[in-house]
Amino acid sequence: MIYMNILIGSALLGCALAKRNLVFMISDGFGMTSETMARSYMQQLDDKQPFASWSSILDSMLVGSIRTQSSSSLVTDSAAGATAFSCAQKTYNGAIGVDPQGRPCGTILEAAKQMGLGTGLVTTARITHATPASFAAHVENRNMEDLIALQLLARNSTTSQQVVDLMFGGGLCHFMPSQQGAQSCRLDNTNVWQMAQQLGYTTLETLEEFEQLSQNASLPILAAFSPSHMAYSIDRDETKQPALHQMARKALDILNYRSPNGFFLMIEGARIDMAGHDNDPAAHVQDIIEYWKTIAQVQEFVRENPDTLLVSTSDHETGGLTLGIDPDYYWLPQTLQPIRHSAEYLCNHFLLSHSVSNKQQFIADTLMPEYLGIYNATEDEIQAVLDSLGSSTKPGTDGNEEETNSRHKRCKRAVGGVVSRRAHVGWSTGGHSGADVGLYAFGNHANLIKGNMENTHLGSLLLDYLQLSTDSVTNALSSIETKQLKFSSLADEHN
C-alpha cells in the first residue's frame with residue numbers, strides 16, 4: 001500500500017503546474033447496497049430496455065472503495081469521516097477539522113484558498129452541518145454550529161479574505177440572532193447573517209434570488225434556502241427550493257468564471273444519510289436519484305472543462321441496509337413507487353400535528369392509501385404507526401426537546417417500517433455501519449485514483465492533485481477558538 005501511495009502521489013505531483021479544478025462529491029450515508037437499491041428501482045420503472053441492462057451514471061465511474069473507520073471507533077460519524085477527507089487525518093467521532101487531541105488541522109479548502117483558488121461548499125443539509133463544516137471550520141464538537149457559522153465567514157489567522165467564496169445549502173437559523181425567535185436556533189444574539197453582509201457577502205434566501213444569479217455574479221455568496229436542512233427530494237417544493245443538481249451547476253459556472261487559477265468545490269448529497277437514519281427507503285432512493293442527476297451535471301461540466309477532476313465517495317454507510325429479509329429471497333422495489341412524501345414530512349405535517357384530530361382514521365383512510373400507496377393496510381400496520389405517536393405522560397415532558405425528538409424518531413421509523421416490510425427491505429440500525437463505501441472518479445487524472453484505501457489516503461490524493469500542502473494553514477490556525485461554551489447536544493436527531 002505504501003508503494004502504491006508513492007506511485008500515485010508522484011504521478012500527480014509530477015505533472016506541470018496548471019489550472020486545475022477539483023469537484024469532490026460526498027454522498028452522505030450512501031453504501032454499495034444503496035446503489036443497488038436505487039438501480040433496481042429504476043430498472044423496474046424503465047420498460048424500454050432489458051431489466052438487467054440498466055446502469056446508473058455512477059456504475060461506470062466505480063474505481064475502488066473506501067475504508068471508513070475513525071480514530072475513536074470502527075464505525076465513524078460524518079464529522080470524523082469528512083475531516084479524514086478534508087485534513088487527510090483520522091480523528092474522533094464528532095470532531096470538526098481537529099485532530100484526536102482537539103488541535104485544528106488545515107483543510108484542503110483552506111489550502112486551496114491560500115494558494116489563490118476559488119472555494120465552494122454546496123449541500124442539502126445545514127451549511128453548518130458536519131460534512132460542509134469539516135472543510136472550513138475547526139471545533140471540538142459538531143454540535144457547536146453557532147461557532148461554525150462564524151468560522152465559515154472569515155478568519156484573519158488564515159487569510160485576509162473570506163475562506164469560502166460560495167456557500168449554498170440550508171441552515172439559516174444558525175445565522176440569525178436568538179431574539180428573532182422561531183427563525184433562529186442560535187443560543188446567543190449574534191446576527192451572523194448581518195455580519196456576512198457587512199463582510200461583503202451577497203446573501204440569498206429564496207429560489208427567485210438564486211435563479212437571478214448569473215455566472216459572473218460577484219463573490220463571496222452565502223445562500224441559505226431553509227431554516228434547517230433543505231427538503232428531501234421527494235418532498236421538495238420546486239417553487240421554493242433549488243435541487244442539488246441546480247445548486248451544483250450554478251456553483252460550477254460561477255466558480256469557473258471567477259477562478260482563473262482553478263477551484264475546489266465540495267458537493268454533498270446530505271439527505272441520503274438522513275433517510276437512512278429514519279429507515280425510510282422511499283426518501284433514500286429519491287435522494288440517490290437526485291445525486292445521480294448532480295453527478296450528470298458535474299460530468300457535463302468536466303467534459304466542457306477537461307482540466308477538472310470529479311471524485312465521489314461517501315463518508316460512511318447508514319442504516320445497515322439489506323435487500324431481502326429472512327426467510328424470503330426477494331425484494332419489491334415497485335412498493336416504493338407510489339409513495340408521495342418522506343416519513344419525516346408525513347410525521348411533521350400530519351401524524352404529530354394538531355391539524356389531524358382522529359389519528360387512527362387518518363392513518364387508515366388517508367396515510368396508507370393516498371400517501372403510501374397501500375390499499376389493504378392490516379390492523380397491525382395501522383396500530384404500529386398509531387402506537388409510535390404515543391403521548392407524553394411524564395410530568396414536565398411536554399415540549400421537552402429530548403421527548404419531542406424521541407416521538408419524531410418513533411413516528412418516522414414506524415412509517416418507514418411499514419413500507420420497508422412490504423418492500424422486503426431490512427435495516428440493521430438507525431445509525432451508521434462500519435462497511436466500506438464506493439469510490440468513483442471521472443475526468444482529469446481519474447485513472448490515478450483506484451483500489452481500496454483509507455479515507456485519509458484519498459484526502460492525501462486530493463491534496464496531491466491540486467499540488468497543495470496544509471502545513472502552513474495548520475500553523476496559522478494554532479490560536480483559533482475551537483470551543484463553544486454552550487451548545488445543545490440535541491441539535492440534530494440524525495447526529
# chains A, B, ... in the order shown; residues from 1 in each chain; ligands from 1
call {"tool": "residues_around", "arguments": {"residues": "Cys87 (chain A)", "least_positions_apart": "5", "cutoff": "9 Å", "atoms": "only C-alpha atoms", "output": "list of chain:residue names"}}
result
A:Ala82, A:Gly97, A:Val98, A:Asp99, A:Cys105, A:Gly106, A:Thr107, A:Ile108, A:Ser134, A:Phe135, A:Thr456, A:Gly459, A:Ser460, A:Thr470
call {"tool": "write_last_selection", "arguments": {"atoms": "C-alpha atoms", "output": "PDB file, in the first residue's frame"}}
result
ATOM      1  CA  ALA A  82     -15.381  14.373   6.459  1.00  0.00           C
ATOM      2  CA  GLY A  97     -11.427  19.939  11.441  1.00  0.00           C
ATOM      3  CA  VAL A  98      -9.402  18.993  14.517  1.00  0.00           C
ATOM      4  CA  ASP A  99      -7.046  16.097  15.256  1.00  0.00           C
ATOM      5  CA  CYS A 105      -5.838  20.806  11.201  1.00  0.00           C
ATOM      6  CA  GLY A 106      -5.658  22.740   7.965  1.00  0.00           C
ATOM      7  CA  THR A 107      -8.089  21.592   5.289  1.00  0.00           C
ATOM      8  CA  ILE A 108      -7.838  21.190   1.537  1.00  0.00           C
ATOM      9  CA  SER A 134     -15.317  19.927   8.269  1.00  0.00           C
ATOM     10  CA  PHE A 135     -13.844  21.656   5.219  1.00  0.00           C
ATOM     11  CA  THR A 456      -7.267   9.636   4.815  1.00  0.00           C
ATOM     12  CA  GLY A 459      -7.626  13.044   1.316  1.00  0.00           C
ATOM     13  CA  SER A 460      -3.899  12.975   0.530  1.00  0.00           C
ATOM     14  CA  THR A 470      -1.986  22.042   4.553  1.00  0.00           C
TER      15      THR A 470
END
call {"tool": "select_by_dssp", "arguments": {"residues": "region 182-431 of chain A", "states": "strand (DSSP E)", "output": "list of chain:residue names"}}
result
A:Thr202, A:Thr203, A:Leu204, A:Ile221, A:Leu222, A:Ala223, A:Ala224, A:Phe263, A:Phe264, A:Leu265, A:Met266, A:Ile267, A:Glu268, A:Gly269, A:Thr308, A:Leu309, A:Leu310, A:Val311, A:Ser312, A:Thr313, A:Glu317, A:Thr318, A:Leu321, A:Thr322, A:Leu323, A:Val425, A:Gly426, A:Trp427
call {"tool": "atom_distance", "arguments": {"atom1": "CA of Glu304 (chain A)", "atom2": "CA of His457 (chain A)"}}
result
28.6 Å
call {"tool": "residues_around", "arguments": {"residues": "Ser71 (chain A)", "least_positions_apart": "3", "cutoff": "10 Å", "atoms": "only C-alpha atoms", "output": "PyMOL selection string"}}
result
chain A and resi 74-76+80-81+84+89-93+99-100
call {"tool": "select_by_dssp", "arguments": {"residues": "region 219-285 of chain A", "states": "helix (DSSP H, G or I)", "output": "list of chain:residue names"}}
result
A:Leu244, A:His245, A:Gln246, A:Met247, A:Ala248, A:Arg249, A:Lys250, A:Ala251, A:Leu252, A:Asp253, A:Ile254, A:Leu255, A:Asn256, A:Tyr257, A:Arg258, A:Arg271, A:Ile272, A:Asp273, A:Met274, A:Ala275, A:Gly276, A:His277, A:Pro281, A:Ala282, A:Ala283, A:His284, A:Val285
call {"tool": "closest_residue", "arguments": {"among": "A:Asp46, A:Glu481, A:Glu145, A:Glu205", "to": "Gly94 (chain A)", "atoms": "only C-alpha atoms"}}
result
A:Glu145
call {"tool": "atom_distance", "arguments": {"atom1": "CA of Thr128 (chain A)", "atom2": "CA of Arg407 (chain A)"}}
result
25.0 Å
call {"tool": "closest_atom_pairs", "arguments": {"of": "region 57-90 of chain A", "to": "region 275-293 of chain A", "cutoff": "12 Å", "atoms": "only C-alpha atoms", "output": "Markdown table"}}
result
| residue | atom | partner | partner_atom | distance |
| --- | --- | --- | --- | --- |
| A:Ile57 | CA | A:Trp292 | CA | 6.4 |
| A:Leu58 | CA | A:Trp292 | CA | 7.1 |
| A:Asp59 | CA | A:Trp292 | CA | 10.3 |
| A:Met61 | CA | A:Trp292 | CA | 11.6 |
call {"tool": "closest_residue", "arguments": {"among": "A:Ser314, A:Gln44, A:Ser342, A:Gln299", "to": "Gly269 (chain A)", "atoms": "only C-alpha atoms"}}
result
A:Ser314
call {"tool": "closest_residue", "arguments": {"among": "A:Pro369, A:Gly443, A:Gly438, A:Gly324", "to": "Arg421 (chain A)", "atoms": "only C-alpha atoms"}}
result
A:Gly324
call {"tool": "atom_distance", "arguments": {"atom1": "CA of Ser218 (chain A)", "atom2": "CA of Tyr257 (chain A)"}}
result
10.0 Å
call {"tool": "residues_around", "arguments": {"residues": "Thr335 (chain A)", "least_positions_apart": "6", "cutoff": "10 Å", "atoms": "only C-alpha atoms", "output": "PyMOL selection string"}}
result
chain A and resi 41+281-282+372-374+419-424
call {"tool": "write_last_selection", "arguments": {"atoms": "all heavy atoms", "output": "mmCIF file, in the first residue's frame"}}
result
data_model
loop_
_atom_site.group_PDB
_atom_site.id
_atom_site.type_symbol
_atom_site.label_atom_id
_atom_site.label_comp_id
_atom_site.auth_asym_id
_atom_site.auth_seq_id
_atom_site.Cartn_x
_atom_site.Cartn_y
_atom_site.Cartn_z
ATOM 1 N N TYR A 41 -34.645 -0.043 -8.441
ATOM 2 C CA TYR A 41 -35.854 0.776 -8.515
ATOM 3 C C TYR A 41 -36.020 1.347 -9.921
ATOM 4 O O TYR A 41 -37.112 1.298 -10.504
ATOM 5 C CB TYR A 41 -35.774 1.899 -7.491
ATOM 6 C CG TYR A 41 -36.929 2.881 -7.539
ATOM 7 C CD1 TYR A 41 -38.119 2.604 -6.890
ATOM 8 C CD2 TYR A 41 -36.821 4.074 -8.245
ATOM 9 C CE1 TYR A 41 -39.193 3.495 -6.932
ATOM 10 C CE2 TYR A 41 -37.872 4.967 -8.307
ATOM 11 C CZ TYR A 41 -39.058 4.676 -7.637
ATOM 12 O OH TYR A 41 -40.109 5.562 -7.696
ATOM 13 N N PRO A 281 -37.057 3.979 3.089
ATOM 14 C CA PRO A 281 -36.492 3.574 1.798
ATOM 15 C C PRO A 281 -36.893 4.456 0.628
ATOM 16 O O PRO A 281 -36.089 4.668 -0.293
ATOM 17 C CB PRO A 281 -37.031 2.143 1.624
ATOM 18 C CG PRO A 281 -38.270 2.083 2.456
ATOM 19 C CD PRO A 281 -38.013 2.991 3.618
ATOM 20 N N ALA A 282 -38.112 4.993 0.638
ATOM 21 C CA ALA A 282 -38.556 5.819 -0.500
ATOM 22 C C ALA A 282 -37.784 7.131 -0.556
ATOM 23 O O ALA A 282 -37.319 7.553 -1.618
ATOM 24 C CB ALA A 282 -40.056 6.085 -0.397
ATOM 25 N N LEU A 372 -48.929 6.442 0.920
ATOM 26 C CA LEU A 372 -48.024 5.293 0.855
ATOM 27 C C LEU A 372 -48.420 4.295 -0.217
ATOM 28 O O LEU A 372 -47.680 3.329 -0.459
ATOM 29 C CB LEU A 372 -47.964 4.586 2.224
ATOM 30 C CG LEU A 372 -47.516 5.439 3.417
ATOM 31 C CD1 LEU A 372 -47.452 4.590 4.674
ATOM 32 C CD2 LEU A 372 -46.181 6.118 3.160
ATOM 33 N N GLY A 373 -49.558 4.494 -0.852
ATOM 34 C CA GLY A 373 -49.984 3.580 -1.903
ATOM 35 C C GLY A 373 -50.391 2.205 -1.391
ATOM 36 O O GLY A 373 -50.345 1.223 -2.133
ATOM 37 N N ILE A 374 -50.807 2.133 -0.125
ATOM 38 C CA ILE A 374 -51.207 0.859 0.487
ATOM 39 C C ILE A 374 -52.723 0.855 0.646
ATOM 40 O O ILE A 374 -53.275 1.605 1.459
ATOM 41 C CB ILE A 374 -50.519 0.667 1.858
ATOM 42 C CG1 ILE A 374 -48.997 0.618 1.682
ATOM 43 C CG2 ILE A 374 -51.029 -0.604 2.541
ATOM 44 C CD1 ILE A 374 -48.223 0.586 2.983
ATOM 45 N N VAL A 419 -43.450 0.504 5.193
ATOM 46 C CA VAL A 419 -43.030 0.455 3.793
ATOM 47 C C VAL A 419 -41.915 -0.567 3.595
ATOM 48 O O VAL A 419 -41.936 -1.361 2.645
ATOM 49 C CB VAL A 419 -42.568 1.849 3.323
ATOM 50 C CG1 VAL A 419 -42.013 1.781 1.906
ATOM 51 C CG2 VAL A 419 -43.712 2.853 3.410
ATOM 52 N N SER A 420 -40.934 -0.563 4.489
ATOM 53 C CA SER A 420 -39.788 -1.467 4.358
ATOM 54 C C SER A 420 -40.226 -2.925 4.402
ATOM 55 O O SER A 420 -39.747 -3.757 3.608
ATOM 56 C CB SER A 420 -38.766 -1.185 5.463
ATOM 57 O OG SER A 420 -38.202 0.108 5.325
ATOM 58 N N ARG A 421 -41.109 -3.250 5.327
ATOM 59 C CA ARG A 421 -41.555 -4.643 5.427
ATOM 60 C C ARG A 421 -42.301 -5.080 4.163
ATOM 61 O O ARG A 421 -42.140 -6.204 3.694
ATOM 62 C CB ARG A 421 -42.423 -4.831 6.672
ATOM 63 C CG ARG A 421 -41.622 -4.875 7.975
ATOM 64 C CD ARG A 421 -42.471 -5.216 9.163
ATOM 65 N NE ARG A 421 -43.418 -4.161 9.502
ATOM 66 C CZ ARG A 421 -43.132 -3.112 10.279
ATOM 67 N NH1 ARG A 421 -41.913 -2.973 10.780
ATOM 68 N NH2 ARG A 421 -44.053 -2.206 10.551
ATOM 69 N N ARG A 422 -43.097 -4.170 3.609
ATOM 70 C CA ARG A 422 -43.813 -4.513 2.376
ATOM 71 C C ARG A 422 -42.856 -4.663 1.195
ATOM 72 O O ARG A 422 -43.097 -5.462 0.295
ATOM 73 C CB ARG A 422 -44.860 -3.442 2.075
ATOM 74 C CG ARG A 422 -46.046 -3.512 3.029
ATOM 75 C CD ARG A 422 -47.301 -2.981 2.407
ATOM 76 N NE ARG A 422 -48.476 -3.365 3.194
ATOM 77 C CZ ARG A 422 -49.622 -3.761 2.679
ATOM 78 N NH1 ARG A 422 -49.760 -3.861 1.366
ATOM 79 N NH2 ARG A 422 -50.640 -4.070 3.443
ATOM 80 N N ALA A 423 -41.793 -3.867 1.191
ATOM 81 C CA ALA A 423 -40.809 -3.945 0.103
ATOM 82 C C ALA A 423 -39.772 -5.041 0.320
ATOM 83 O O ALA A 423 -38.968 -5.323 -0.558
ATOM 84 C CB ALA A 423 -40.104 -2.601 -0.047
ATOM 85 N N HIS A 424 -39.794 -5.670 1.520
ATOM 86 C CA HIS A 424 -38.784 -6.654 1.923
ATOM 87 C C HIS A 424 -37.396 -6.016 1.950
ATOM 88 O O HIS A 424 -36.414 -6.583 1.459
ATOM 89 C CB HIS A 424 -38.832 -7.889 1.031
ATOM 90 C CG HIS A 424 -39.869 -8.878 1.467
ATOM 91 N ND1 HIS A 424 -39.610 -10.195 1.719
ATOM 92 C CD2 HIS A 424 -41.198 -8.726 1.731
ATOM 93 C CE1 HIS A 424 -40.704 -10.815 2.106
ATOM 94 N NE2 HIS A 424 -41.692 -9.940 2.111
#
call {"tool": "residues_around", "arguments": {"residues": "region 173-176 of chain A", "least_positions_apart": "2", "cutoff": "10 Å", "atoms": "only C-alpha atoms", "output": "number ranges by chain"}}
result
A: 126-128, 145-150, 170-171, 178-196, 224, 226-229
call {"tool": "residues_around", "arguments": {"residues": "region 241-256 of chain A", "least_positions_apart": "3", "cutoff": "9 Å", "atoms": "only C-alpha atoms", "output": "PyMOL selection string"}}
result
chain A and resi 21+23+118-124+165-169+206-207+210-211+213-219+225-226+230-231+233+236-238+259-260+262-265+267-269+290-298+301
call {"tool": "residues_around", "arguments": {"residues": "Thr318 (chain A)", "least_positions_apart": "2", "cutoff": "6 Å", "atoms": "only C-alpha atoms", "output": "number ranges by chain"}}
result
A: 29, 273, 276, 320, 431-433
call {"tool": "write_last_selection", "arguments": {"atoms": "N, CA and C atoms", "output": "mmCIF file, in the first residue's frame"}}
result
data_model
loop_
_atom_site.group_PDB
_atom_site.id
_atom_site.type_symbol
_atom_site.label_atom_id
_atom_site.label_comp_id
_atom_site.auth_asym_id
_atom_site.auth_seq_id
_atom_site.Cartn_x
_atom_site.Cartn_y
_atom_site.Cartn_z
ATOM 1 N N GLY A 29 -23.821 8.793 3.790
ATOM 2 C CA GLY A 29 -24.592 7.625 4.194
ATOM 3 C C GLY A 29 -24.920 6.652 3.087
ATOM 4 N N ASP A 273 -28.262 10.214 3.711
ATOM 5 C CA ASP A 273 -27.921 9.734 5.042
ATOM 6 C C ASP A 273 -29.102 9.830 6.001
ATOM 7 N N GLY A 276 -31.607 7.259 5.597
ATOM 8 C CA GLY A 276 -31.106 6.012 6.164
ATOM 9 C C GLY A 276 -31.300 5.961 7.660
ATOM 10 N N GLY A 320 -27.411 0.108 7.748
ATOM 11 C CA GLY A 320 -27.173 -1.324 7.625
ATOM 12 C C GLY A 320 -28.195 -1.954 6.691
ATOM 13 N N GLY A 431 -28.500 3.964 12.865
ATOM 14 C CA GLY A 431 -27.273 4.757 12.840
ATOM 15 C C GLY A 431 -26.403 4.379 11.651
ATOM 16 N N HIS A 432 -25.111 4.442 11.839
ATOM 17 C CA HIS A 432 -24.164 4.128 10.778
ATOM 18 C C HIS A 432 -23.660 2.696 10.922
ATOM 19 N N SER A 433 -23.052 2.174 9.873
ATOM 20 C CA SER A 433 -22.380 0.879 9.937
ATOM 21 C C SER A 433 -20.903 1.078 9.604
#
call {"tool": "closest_residue", "arguments": {"among": "A:Leu109, A:Val356, A:Val437, A:Val385", "to": "Pro132 (chain A)", "atoms": "only C-alpha atoms"}}
result
A:Leu109
